[in-house]
>>> print(open('data.cif').read())   # mmCIF, C-alpha atoms and all ligand atoms
data_protein
loop_
_atom_site.label_atom_id
_atom_site.label_comp_id
_atom_site.auth_asym_id
_atom_site.auth_seq_id
_atom_site.Cartn_x
_atom_site.Cartn_y
_atom_site.Cartn_z
CA MET A 658 0.00 0.00 0.00
CA PRO A 659 1.46 3.41 -0.88
CA ALA A 660 2.44 5.69 1.97
CA THR A 661 0.33 8.33 3.64
CA ILE A 662 1.60 11.69 2.39
CA ILE A 663 2.32 13.98 5.35
CA ASP A 664 0.98 17.39 4.36
CA GLY A 665 3.51 19.79 5.84
CA ALA A 666 1.87 22.81 4.23
CA ALA A 667 -1.47 22.06 5.93
CA ILE A 668 0.13 21.40 9.34
CA ALA A 669 2.22 24.57 9.03
CA ALA A 670 -0.92 26.55 8.18
CA THR A 671 -2.59 25.25 11.36
CA ILE A 672 0.43 26.27 13.46
CA LYS A 673 0.51 29.74 11.88
CA ASP A 674 -3.18 30.14 12.71
CA GLU A 675 -2.44 29.21 16.33
CA VAL A 676 0.37 31.78 16.42
CA ARG A 677 -1.91 34.41 14.86
CA ARG A 678 -4.57 33.78 17.51
CA ASP A 679 -2.04 33.98 20.39
CA THR A 680 -0.41 37.07 18.88
CA ALA A 681 -3.78 38.83 18.92
CA LEU A 682 -4.18 37.85 22.61
CA LEU A 683 -0.71 39.17 23.47
CA LYS A 684 -1.54 42.49 21.82
CA GLU A 685 -4.91 42.71 23.54
CA ARG A 686 -3.69 41.78 27.02
CA HIS A 687 -0.21 43.32 27.09
CA ASP A 688 -0.03 45.70 24.15
CA VAL A 689 2.98 43.80 22.82
CA THR A 690 3.45 43.05 19.12
CA PRO A 691 6.14 40.44 18.42
CA GLY A 692 8.95 41.84 16.26
CA LEU A 693 11.35 39.83 14.15
CA ALA A 694 14.50 41.28 12.52
CA PHE A 695 16.18 39.70 9.51
CA LEU A 696 19.71 40.31 8.34
CA LEU A 697 20.42 39.31 4.75
CA VAL A 698 24.04 39.57 3.64
CA GLY A 699 24.85 39.33 -0.07
CA ASP A 700 22.59 38.34 -2.92
CA ASN A 701 22.17 34.58 -2.67
CA PRO A 702 18.81 34.09 -4.46
CA ALA A 703 17.74 31.18 -2.23
CA SER A 704 18.48 33.19 0.95
CA ARG A 705 16.58 36.17 -0.45
CA SER A 706 13.60 33.97 -1.26
CA TYR A 707 13.63 32.37 2.24
CA VAL A 708 13.75 35.77 3.95
CA ARG A 709 10.90 37.03 1.77
CA SER A 710 8.76 33.99 2.71
CA LYS A 711 9.54 34.47 6.39
CA GLY A 712 8.57 38.16 6.13
CA ARG A 713 5.24 37.22 4.53
CA ALA A 714 4.56 34.78 7.36
CA CYS A 715 5.25 37.56 9.89
CA GLU A 716 2.65 39.70 8.18
CA TYR A 717 0.11 36.86 8.25
CA VAL A 718 0.49 36.11 11.97
CA GLY A 719 0.49 39.81 12.94
CA PHE A 720 4.17 40.41 13.79
CA HIS A 721 6.10 43.41 12.70
CA SER A 722 9.24 42.47 10.81
CA HIS A 723 12.25 44.39 9.68
CA THR A 724 14.76 43.30 7.03
CA VAL A 725 18.21 44.84 6.78
CA GLU A 726 20.28 44.01 3.72
CA ARG A 727 24.04 44.32 3.47
CA PRO A 728 26.25 43.80 0.39
CA ALA A 729 28.35 40.62 0.16
CA ASP A 730 31.53 42.61 0.87
CA CYS A 731 30.28 44.28 4.06
CA SER A 732 32.52 43.95 7.09
CA GLU A 733 32.07 41.55 9.97
CA ALA A 734 32.07 44.57 12.31
CA ASP A 735 29.12 46.01 10.43
CA VAL A 736 27.14 42.79 10.94
CA LEU A 737 28.04 42.64 14.64
CA GLU A 738 27.05 46.27 15.11
CA GLN A 739 23.62 45.63 13.61
CA ILE A 740 23.08 42.63 15.91
CA ASP A 741 24.12 44.72 18.92
CA ALA A 742 21.53 47.35 18.03
CA TRP A 743 18.77 44.72 17.82
CA ASN A 744 19.88 43.04 21.05
CA THR A 745 18.93 46.19 22.96
CA ASP A 746 15.88 47.21 20.91
CA PRO A 747 12.74 46.42 22.98
CA ASP A 748 10.57 46.21 19.84
CA ILE A 749 12.67 43.36 18.43
CA HIS A 750 12.01 39.98 20.09
CA GLY A 751 13.76 37.74 17.58
CA ILE A 752 16.91 38.10 15.46
CA LEU A 753 17.58 35.99 12.40
CA VAL A 754 20.80 36.23 10.40
CA GLN A 755 20.18 34.25 7.24
CA LEU A 756 22.91 31.65 6.67
CA PRO A 757 25.20 31.01 4.91
CA LEU A 758 27.27 34.17 5.31
CA PRO A 759 30.12 35.18 2.95
CA ASP A 760 33.39 33.41 3.75
CA HIS A 761 35.13 36.47 5.22
CA ILE A 762 32.53 36.70 8.01
CA ASP A 763 32.94 34.30 10.93
CA GLU A 764 29.56 32.58 11.29
CA ASN A 765 30.29 31.46 14.86
CA LYS A 766 31.18 34.99 15.93
CA VAL A 767 27.90 36.26 14.48
CA ILE A 768 25.78 33.53 16.11
CA ASN A 769 27.52 34.12 19.46
CA ALA A 770 26.69 37.84 19.26
CA ILE A 771 22.91 37.28 19.21
CA SER A 772 21.31 37.59 22.63
CA PRO A 773 20.13 34.12 23.72
CA ARG A 774 16.81 35.77 24.68
CA LYS A 775 16.31 36.69 21.00
CA ASP A 776 17.87 33.58 19.47
CA VAL A 777 14.75 32.39 17.63
CA ASP A 778 16.91 30.25 15.30
CA GLY A 779 18.19 28.29 18.31
CA PHE A 780 21.77 28.37 17.01
CA HIS A 781 23.50 30.14 19.94
CA PRO A 782 25.75 27.82 22.02
CA ILE A 783 23.58 28.53 25.09
CA SER A 784 20.45 27.42 23.22
CA VAL A 785 22.25 24.35 21.86
CA GLY A 786 23.58 23.42 25.30
CA ARG A 787 20.17 23.78 26.91
CA LEU A 788 18.63 21.63 24.20
CA VAL A 789 21.20 18.87 24.70
CA ILE A 790 20.63 18.67 28.47
CA GLY A 791 16.85 18.85 28.15
CA GLN A 792 16.21 22.38 29.42
CA GLU A 793 13.55 24.60 27.91
CA THR A 794 15.03 26.72 25.13
CA PHE A 795 14.58 27.98 21.59
CA ARG A 796 14.86 24.94 19.35
CA PRO A 797 16.14 25.26 15.77
CA CYS A 798 13.13 25.64 13.49
CA THR A 799 13.59 22.82 10.99
CA PRO A 800 14.12 20.05 13.57
CA ALA A 801 11.39 21.45 15.83
CA GLY A 802 9.14 21.35 12.75
CA ILE A 803 10.04 17.71 12.06
CA GLN A 804 9.04 16.69 15.60
CA GLU A 805 5.79 18.64 15.24
CA LEU A 806 5.07 16.95 11.86
CA LEU A 807 5.50 13.52 13.44
CA LEU A 808 3.34 14.27 16.48
CA ARG A 809 0.56 15.99 14.56
CA SER A 810 0.50 13.01 12.16
CA GLY A 811 -0.01 10.61 15.09
CA ILE A 812 3.53 9.19 14.94
CA ASP A 813 5.10 8.83 18.40
CA PRO A 814 8.89 8.41 18.19
CA SER A 815 9.08 6.82 21.67
CA GLY A 816 10.99 3.52 21.50
CA LYS A 817 11.40 3.80 17.73
CA HIS A 818 14.74 3.61 15.97
CA VAL A 819 15.29 6.97 14.30
CA VAL A 820 18.11 7.14 11.77
CA VAL A 821 19.20 10.66 10.85
CA VAL A 822 21.34 11.01 7.73
CA GLY A 823 23.31 14.25 8.02
CA ARG A 824 25.10 15.93 10.92
CA SER A 825 24.69 19.66 10.27
CA ASN A 826 24.25 22.12 13.12
CA ILE A 827 20.98 23.29 11.54
CA VAL A 828 19.25 19.90 11.15
CA GLY A 829 21.13 16.66 11.84
CA LYS A 830 22.60 17.36 15.28
CA PRO A 831 19.57 19.17 16.73
CA ILE A 832 16.95 16.67 15.48
CA ALA A 833 19.01 13.83 16.99
CA ASN A 834 19.13 15.67 20.31
CA ILE A 835 15.42 16.59 20.28
CA LEU A 836 14.24 13.03 19.61
CA LEU A 837 16.73 11.51 22.05
CA GLN A 838 15.37 13.40 25.08
CA LYS A 839 13.57 11.46 27.79
CA ALA A 840 10.43 13.49 27.19
CA PRO A 841 6.96 13.18 25.67
CA GLY A 842 7.14 13.32 21.88
CA ALA A 843 10.73 12.07 21.93
CA ASN A 844 12.37 9.12 23.76
CA ALA A 845 13.65 7.56 20.52
CA ILE A 846 16.70 5.38 19.92
CA VAL A 847 18.75 7.59 17.63
CA THR A 848 21.50 6.82 15.14
CA VAL A 849 23.24 9.65 13.28
CA ALA A 850 24.72 8.55 9.95
CA HIS A 851 26.82 10.69 7.63
CA THR A 852 29.16 10.70 4.66
CA ALA A 853 31.85 8.64 6.43
CA ALA A 854 29.56 5.60 6.75
CA ALA A 855 31.07 2.70 4.80
CA ASP A 856 27.65 1.12 4.25
CA LEU A 857 24.97 3.79 4.60
CA ALA A 858 22.15 1.52 3.40
CA SER A 859 22.76 -0.99 6.21
CA LEU A 860 22.10 1.86 8.68
CA THR A 861 19.11 3.44 6.92
CA ARG A 862 17.42 0.04 6.53
CA GLN A 863 17.24 -0.21 10.33
CA ALA A 864 15.16 2.94 10.61
CA ASP A 865 11.56 2.94 11.83
CA ILE A 866 11.77 6.68 11.20
CA LEU A 867 14.29 7.82 8.58
CA ILE A 868 15.24 11.51 8.45
CA ALA A 869 17.18 12.52 5.34
CA ALA A 870 19.13 15.78 5.62
CA ILE A 871 21.96 15.16 3.21
CA GLY A 872 21.62 17.83 0.52
CA ARG A 873 21.92 15.42 -2.43
CA PRO A 874 18.96 14.93 -4.79
CA ARG A 875 17.18 11.55 -4.43
CA ALA A 876 20.12 10.01 -2.52
CA ILE A 877 17.80 7.78 -0.47
CA THR A 878 16.54 5.06 -2.79
CA ALA A 879 13.87 2.43 -2.10
CA ASP A 880 16.41 -0.32 -1.35
CA MET A 881 17.70 1.82 1.57
CA VAL A 882 14.30 1.94 3.29
CA LYS A 883 12.62 -0.67 5.49
CA GLN A 884 9.07 -1.70 4.52
CA GLY A 885 6.62 0.44 6.54
CA ALA A 886 9.16 3.05 7.68
CA VAL A 887 8.23 6.71 8.18
CA VAL A 888 10.39 8.88 5.90
CA ILE A 889 11.04 12.57 6.54
CA ASP A 890 12.75 14.38 3.67
CA VAL A 891 14.54 17.59 4.64
CA GLY A 892 16.25 18.10 1.26
CA ILE A 893 15.49 21.00 -1.07
CA ASN A 894 17.56 20.46 -4.23
CA GLN A 895 17.25 22.12 -7.62
CA VAL A 896 17.40 19.73 -10.57
CA PRO A 897 17.30 20.86 -14.21
CA ASP A 898 13.86 20.56 -15.83
CA ALA A 899 13.41 22.15 -19.26
CA SER A 900 9.61 21.76 -19.03
CA THR A 901 9.33 24.34 -16.23
CA GLU A 902 9.39 28.12 -16.61
CA LYS A 903 12.47 28.47 -14.37
CA GLY A 904 14.30 25.59 -16.05
CA TYR A 905 14.54 23.62 -12.79
CA ARG A 906 12.37 22.00 -10.17
CA LEU A 907 12.78 21.13 -6.53
CA VAL A 908 13.33 17.57 -5.36
CA GLY A 909 14.20 16.17 -1.94
CA ASP A 910 16.97 13.90 -0.70
CA VAL A 911 14.60 10.94 -1.13
CA ASP A 912 13.58 9.19 -4.34
CA PHE A 913 9.96 10.02 -3.54
CA ASP A 914 8.16 8.04 -6.28
CA ALA A 915 9.88 4.76 -5.43
CA VAL A 916 10.10 5.21 -1.65
CA LYS A 917 6.42 6.10 -1.24
CA GLU A 918 5.56 2.55 -2.35
CA LYS A 919 7.52 1.14 0.58
CA ALA A 920 7.09 3.66 3.39
CA SER A 921 4.02 3.89 5.65
CA ALA A 922 4.23 7.71 5.67
CA ILE A 923 6.42 10.19 3.81
CA THR A 924 6.85 13.96 3.47
CA PRO A 925 6.80 15.40 -0.06
CA VAL A 926 9.11 18.11 -1.45
CA PRO A 927 7.90 20.80 -1.70
CA ARG A 928 5.07 21.13 0.89
CA GLY A 929 6.68 18.84 3.45
CA VAL A 930 9.29 19.97 5.98
CA GLY A 931 9.95 23.36 4.30
CA PRO A 932 6.78 25.18 5.40
CA MET A 933 7.26 23.83 8.94
CA THR A 934 10.55 25.72 9.32
CA ILE A 935 8.75 29.02 8.85
CA ALA A 936 5.83 28.04 11.11
CA MET A 937 8.22 27.13 13.94
CA LEU A 938 10.10 30.41 13.48
CA MET A 939 6.79 32.19 14.05
CA GLN A 940 6.18 30.06 17.15
CA ASN A 941 9.67 30.75 18.55
CA THR A 942 9.27 34.50 17.99
CA LEU A 943 5.87 34.52 19.68
CA HIS A 944 7.41 32.72 22.68
CA ALA A 945 10.26 35.26 22.79
CA ALA A 946 7.72 38.08 22.95
CA GLN A 947 5.55 36.28 25.50
CA ARG A 948 8.58 35.89 27.79
CA THR A 949 9.00 39.65 27.98
CA VAL A 950 5.67 40.03 29.80
CA ARG A 951 6.01 37.07 32.18
N1 LIG B 1 19.84 28.80 6.32
C1 LIG B 1 19.25 27.60 6.09
N2 LIG B 1 18.38 27.31 7.06
C2 LIG B 1 18.42 28.34 7.94
C3 LIG B 1 17.73 28.62 9.16
O1 LIG B 1 16.91 27.83 9.66
N3 LIG B 1 18.06 29.80 9.75
C4 LIG B 1 18.97 30.66 9.23
N4 LIG B 1 19.23 31.76 9.91
N5 LIG B 1 19.63 30.42 8.12
C5 LIG B 1 19.35 29.27 7.48
#
>>> encode(input="data.cif", output="structure tokens")
Amino acid sequence: MPATIIDGAAIAATIKDEVRRDTALLKERHDVTPGLAFLLVGDNPASRSYVRSKGRACEYVGFHSHTVERPADCSEADVLEQIDAWNTDPDIHGILVQLPLPDHIDENKVINAISPRKDVDGFHPISVGRLVIGQETFRPCTPAGIQELLLRSGIDPSGKHVVVVGRSNIVGKPIANILLQKAPGANAIVTVAHTAAADLASLTRQADILIAAIGRPRAITADMVKQGAVVIDVGINQVPDASTEKGYRLVGDVDFDAVKEKASAITPVPRGVGPMTIAMLMQNTLHAAQRTVR
């Protein structure tokens, strides 16, 4: 039987509606409007498109948002100065520096400069540390969205073998740590696989829940997936397609057409994990604003 398709766009829309409702309450009760600041450095088209989508989501849920753009050759000091200004601005509750940054800017230095109280990306070492030891914190948006997708689809990771392919700071490491916690909605047995695995398929075939965050189009093929597994595809890859207006289309890290015949549930690309990242950013920013009145 083909897999259930997990509709990330629909689940993200529900979460954004919840944020919109709670934002209205925060305004009504405390006269606080959540504010999110974006810093976009350079002219990477994908980054520009992500920031635009995030800005539109802010508008929908009722936040004010502010985007500052800097040229690719701007100085690191300039970036740090902007972050400093937002750290002390009471109207800004969340700060997001769109990654990647140009090579001459030290990404770690920039992440470290963001106040942990405004770290709605969950990338600051304090946020990461709190996540690892199970304390409440801002959780990175894509992995938080993956957990939410599972739970809202009735899939409880407790006791399941989760295999994560990819070890990035943005997805692989945090999703492993989120699902490993001894906590409701988590409590999984987690394996993190990556490019150094001699036999990747022997690891992925053990997964009850397989999370692909590799960045290579259709790298997970049907023979790498156990019958009945849940498959979460984090990949967003452009592949040439002359039949489209743009000359390319988006595919995930999973060979969707073949794997959907074997999996019990699977996320599509697009409309799977992608929209959840934005929804969770809205949720994190709302929480940051709510904390200022508690
Ligand atoms: N680049 C790719 N994903 C992300 C993200 O979640 N946050 C930021 N700031 N940059 C990214």
>>> residues_near_ligand(input="data.cif", ligand="ligand LIG 1 (chain B)", cutoff="10 Å", atoms="all atoms listed in the file", output="mmCIF file with C-alpha atoms, in the coordinates of the input")
data_model
loop_
_atom_site.group_PDB
_atom_site.id
_atom_site.type_symbol
_atom_site.label_atom_id
_atom_site.label_comp_id
_atom_site.auth_asym_id
_atom_site.auth_seq_id
_atom_site.Cartn_x
_atom_site.Cartn_y
_atom_site.Cartn_z
ATOM 1 C CA PHE A 695 16.180 39.700 9.510
ATOM 2 C CA LEU A 696 19.710 40.310 8.340
ATOM 3 C CA LEU A 697 20.420 39.310 4.750
ATOM 4 C CA ALA A 703 17.740 31.180 -2.230
ATOM 5 C CA SER A 704 18.480 33.190 0.950
ATOM 6 C CA TYR A 707 13.630 32.370 2.240
ATOM 7 C CA VAL A 708 13.750 35.770 3.950
ATOM 8 C CA ILE A 752 16.910 38.100 15.460
ATOM 9 C CA LEU A 753 17.580 35.990 12.400
ATOM 10 C CA VAL A 754 20.800 36.230 10.400
ATOM 11 C CA GLN A 755 20.180 34.250 7.240
ATOM 12 C CA LEU A 756 22.910 31.650 6.670
ATOM 13 C CA PRO A 757 25.200 31.010 4.910
ATOM 14 C CA LEU A 758 27.270 34.170 5.310
ATOM 15 C CA ILE A 768 25.780 33.530 16.110
ATOM 16 C CA ASP A 776 17.870 33.580 19.470
ATOM 17 C CA VAL A 777 14.750 32.390 17.630
ATOM 18 C CA ASP A 778 16.910 30.250 15.300
ATOM 19 C CA GLY A 779 18.190 28.290 18.310
ATOM 20 C CA PHE A 780 21.770 28.370 17.010
ATOM 21 C CA PRO A 797 16.140 25.260 15.770
ATOM 22 C CA CYS A 798 13.130 25.640 13.490
ATOM 23 C CA THR A 799 13.590 22.820 10.990
ATOM 24 C CA PRO A 800 14.120 20.050 13.570
ATOM 25 C CA ASN A 826 24.250 22.120 13.120
ATOM 26 C CA ILE A 827 20.980 23.290 11.540
ATOM 27 C CA VAL A 828 19.250 19.900 11.150
ATOM 28 C CA GLY A 931 9.950 23.360 4.300
ATOM 29 C CA THR A 934 10.550 25.720 9.320
ATOM 30 C CA ILE A 935 8.750 29.020 8.850
ATOM 31 C CA MET A 937 8.220 27.130 13.940
ATOM 32 C CA LEU A 938 10.100 30.410 13.480
#
>>> residues_around(input="data.cif", residues="Ser815 in chain A", least_positions_apart="5", cutoff="10 Å", atoms="all atoms listed in the file", output="number ranges by chain")
A: 836-846
>>> closest_residue(input="data.cif", among="A:Arg906, A:Lys711, A:His721, A:Arg951", to="Val926 in chain A", atoms="all atoms listed in the file")
A:Arg906
>>> residues_around(input="data.cif", residues="Val849 in chain A", least_positions_apart="6", cutoff="10 Å", atoms="all atoms listed in the file", output="PDB file with C-alpha atoms, in the frame of the given file")
ATOM      1  CA  VAL A 819      15.290   6.970  14.300  1.00  0.00           C
ATOM      2  CA  VAL A 820      18.110   7.140  11.770  1.00  0.00           C
ATOM      3  CA  VAL A 821      19.200  10.660  10.850  1.00  0.00           C
ATOM      4  CA  VAL A 822      21.340  11.010   7.730  1.00  0.00           C
ATOM      5  CA  GLY A 823      23.310  14.250   8.020  1.00  0.00           C
ATOM      6  CA  ARG A 824      25.100  15.930  10.920  1.00  0.00           C
ATOM      7  CA  GLY A 829      21.130  16.660  11.840  1.00  0.00           C
ATOM      8  CA  LYS A 830      22.600  17.360  15.280  1.00  0.00           C
ATOM      9  CA  ILE A 832      16.950  16.670  15.480  1.00  0.00           C
ATOM     10  CA  ALA A 833      19.010  13.830  16.990  1.00  0.00           C
ATOM     11  CA  LEU A 860      22.100   1.860   8.680  1.00  0.00           C
ATOM     12  CA  THR A 861      19.110   3.440   6.920  1.00  0.00           C
ATOM     13  CA  ILE A 868      15.240  11.510   8.450  1.00  0.00           C
TER      14      ILE A 868
END
>>> residues_around(input="data.cif", residues="Val887 in chain A", least_positions_apart="6", cutoff="7 Å", atoms="all atoms listed in the file", output="PyMOL selection string")
chain A and resi 865-867+920-923
>>> atom_distance(input="data.cif", atom1="CA of Glu675 in chain A", atom2="CA of Leu808 in chain A")
16.0 Å
>>> closest_residue(input="data.cif", among="A:Val847, A:Pro691, A:Thr901, A:Ala915", to="Thr878 in chain A", atoms="only C-alpha atoms")
A:Ala915
>>> closest_residue(input="data.cif", among="A:Leu806, A:Val698, A:Leu857, A:Val916", to="Val767 in chain A", atoms="only C-alpha atoms")
A:Val698
>>> atom_distance(input="data.cif", atom1="CA of Thr661 in chain A", atom2="CA of Ala936 in chain A")
21.8 Å
>>> closest_residue(input="data.cif", among="A:Glu716, A:Asp746, A:Glu918, A:Asp763", to="Ala734 in chain A", atoms="only C-alpha atoms")
A:Asp763
>>> residues_near_point(input="data.cif", point="(1.2, 25.9, 9.5)", cutoff="12 Å", atoms="only C-alpha atoms", output="ChimeraX atom specification")
/A:664-677,714,717-718,802,805-806,809,928-940
>>> atom_distance(input="data.cif", atom1="CA of Leu943 in chain A", atom2="CA of Ile663 in chain A")
25.3 Å
>>> residues_around(input="data.cif", residues="Gln792 in chain A", least_positions_apart="2", cutoff="12 Å", atoms="all atoms listed in the file", output="PDB file with C-alpha atoms, keeping the file's coordinate frame")
ATOM      1  CA  ILE A 783      23.580  28.530  25.090  1.00  0.00           C
ATOM      2  CA  SER A 784      20.450  27.420  23.220  1.00  0.00           C
ATOM      3  CA  VAL A 785      22.250  24.350  21.860  1.00  0.00           C
ATOM      4  CA  GLY A 786      23.580  23.420  25.300  1.00  0.00           C
ATOM      5  CA  ARG A 787      20.170  23.780  26.910  1.00  0.00           C
ATOM      6  CA  LEU A 788      18.630  21.630  24.200  1.00  0.00           C
ATOM      7  CA  VAL A 789      21.200  18.870  24.700  1.00  0.00           C
ATOM      8  CA  ILE A 790      20.630  18.670  28.470  1.00  0.00           C
ATOM      9  CA  THR A 794      15.030  26.720  25.130  1.00  0.00           C
ATOM     10  CA  PHE A 795      14.580  27.980  21.590  1.00  0.00           C
ATOM     11  CA  ARG A 796      14.860  24.940  19.350  1.00  0.00           C
ATOM     12  CA  ASN A 834      19.130  15.670  20.310  1.00  0.00           C
ATOM     13  CA  ILE A 835      15.420  16.590  20.280  1.00  0.00           C
ATOM     14  CA  GLN A 838      15.370  13.400  25.080  1.00  0.00           C
ATOM     15  CA  LYS A 839      13.570  11.460  27.790  1.00  0.00           C
ATOM     16  CA  ALA A 840      10.430  13.490  27.190  1.00  0.00           C
TER      17      ALA A 840
END
>>> closest_residue(input="data.cif", among="A:Arg713, A:Arg875, A:Arg774, A:Lys817", to="Val911 in chain A", atoms="all atoms listed in the file")
A:Arg875
>>> closest_residue(input="data.cif", among="A:Val896, A:Val950, A:Val725, A:Ala858", to="Arg686 in chain A", atoms="only C-alpha atoms")
A:Val950
>>> decode(input="data.cif", residues="range 927-944 of chain A", atoms="N, CA, C and O atoms", output="CSV table (one decimal), in the first residue's frame")
chain,number,residue,atom,x,y,z
A,927,PRO,N,8.1,19.9,-2.8
A,927,PRO,CA,7.9,20.8,-1.7
A,927,PRO,C,6.6,20.4,-0.9
A,927,PRO,O,6.1,19.4,-1.2
A,928,ARG,N,6.3,21.3,0.0
A,928,ARG,CA,5.1,21.1,0.9
A,928,ARG,C,5.2,20.1,2.0
A,928,ARG,O,4.2,19.5,2.5
A,929,GLY,N,6.5,19.8,2.4
A,929,GLY,CA,6.7,18.8,3.5
A,929,GLY,C,7.3,19.6,4.6
A,929,GLY,O,6.6,20.4,5.3
A,930,VAL,N,8.6,19.4,4.8
A,930,VAL,CA,9.3,20.0,6.0
A,930,VAL,C,9.4,21.5,5.8
A,930,VAL,O,9.4,22.2,6.8
A,931,GLY,N,9.7,21.9,4.6
A,931,GLY,CA,10.0,23.4,4.3
A,931,GLY,C,9.0,24.3,5.0
A,931,GLY,O,9.5,25.2,5.7
A,932,PRO,N,7.7,24.2,4.8
A,932,PRO,CA,6.8,25.2,5.4
A,932,PRO,C,6.8,25.1,6.9
A,932,PRO,O,6.5,26.1,7.6
A,933,MET,N,7.2,24.0,7.5
A,933,MET,CA,7.3,23.8,8.9
A,933,MET,C,8.4,24.7,9.6
A,933,MET,O,8.2,25.2,10.7
A,934,THR,N,9.5,24.9,8.8
A,934,THR,CA,10.6,25.7,9.3
A,934,THR,C,10.0,27.1,9.6
A,934,THR,O,10.3,27.7,10.7
A,935,ILE,N,9.3,27.7,8.7
A,935,ILE,CA,8.7,29.0,8.9
A,935,ILE,C,7.7,29.1,10.0
A,935,ILE,O,7.7,30.0,10.8
A,936,ALA,N,6.9,28.1,10.0
A,936,ALA,CA,5.8,28.0,11.1
A,936,ALA,C,6.5,28.0,12.5
A,936,ALA,O,6.1,28.7,13.4
A,937,MET,N,7.6,27.2,12.6
A,937,MET,CA,8.2,27.1,13.9
A,937,MET,C,9.0,28.4,14.3
A,937,MET,O,9.1,28.8,15.5
A,938,LEU,N,9.5,29.1,13.2
A,938,LEU,CA,10.1,30.4,13.5
A,938,LEU,C,9.1,31.4,14.0
A,938,LEU,O,9.4,32.2,15.0
A,939,MET,N,7.9,31.3,13.5
A,939,MET,CA,6.8,32.2,14.1
A,939,MET,C,6.5,31.8,15.5
A,939,MET,O,6.3,32.7,16.4
A,940,GLN,N,6.5,30.5,15.8
A,940,GLN,CA,6.2,30.1,17.2
A,940,GLN,C,7.3,30.5,18.1
A,940,GLN,O,7.0,31.0,19.2
A,941,ASN,N,8.5,30.3,17.7
A,941,ASN,CA,9.7,30.8,18.6
A,941,ASN,C,9.6,32.3,18.8
A,941,ASN,O,9.9,32.7,20.0
A,942,THR,N,9.3,33.0,17.8
A,942,THR,CA,9.3,34.5,18.0
A,942,THR,C,8.1,34.9,18.9
A,942,THR,O,8.3,35.8,19.8
A,943,LEU,N,7.0,34.3,18.8
A,943,LEU,CA,5.9,34.5,19.7
A,943,LEU,C,6.3,34.2,21.1
A,943,LEU,O,6.1,35.0,22.0
A,944,HIS,N,7.0,33.1,21.3
A,944,HIS,CA,7.4,32.7,22.7
A,944,HIS,C,8.4,33.8,23.2
A,944,HIS,O,8.4,34.1,24.4
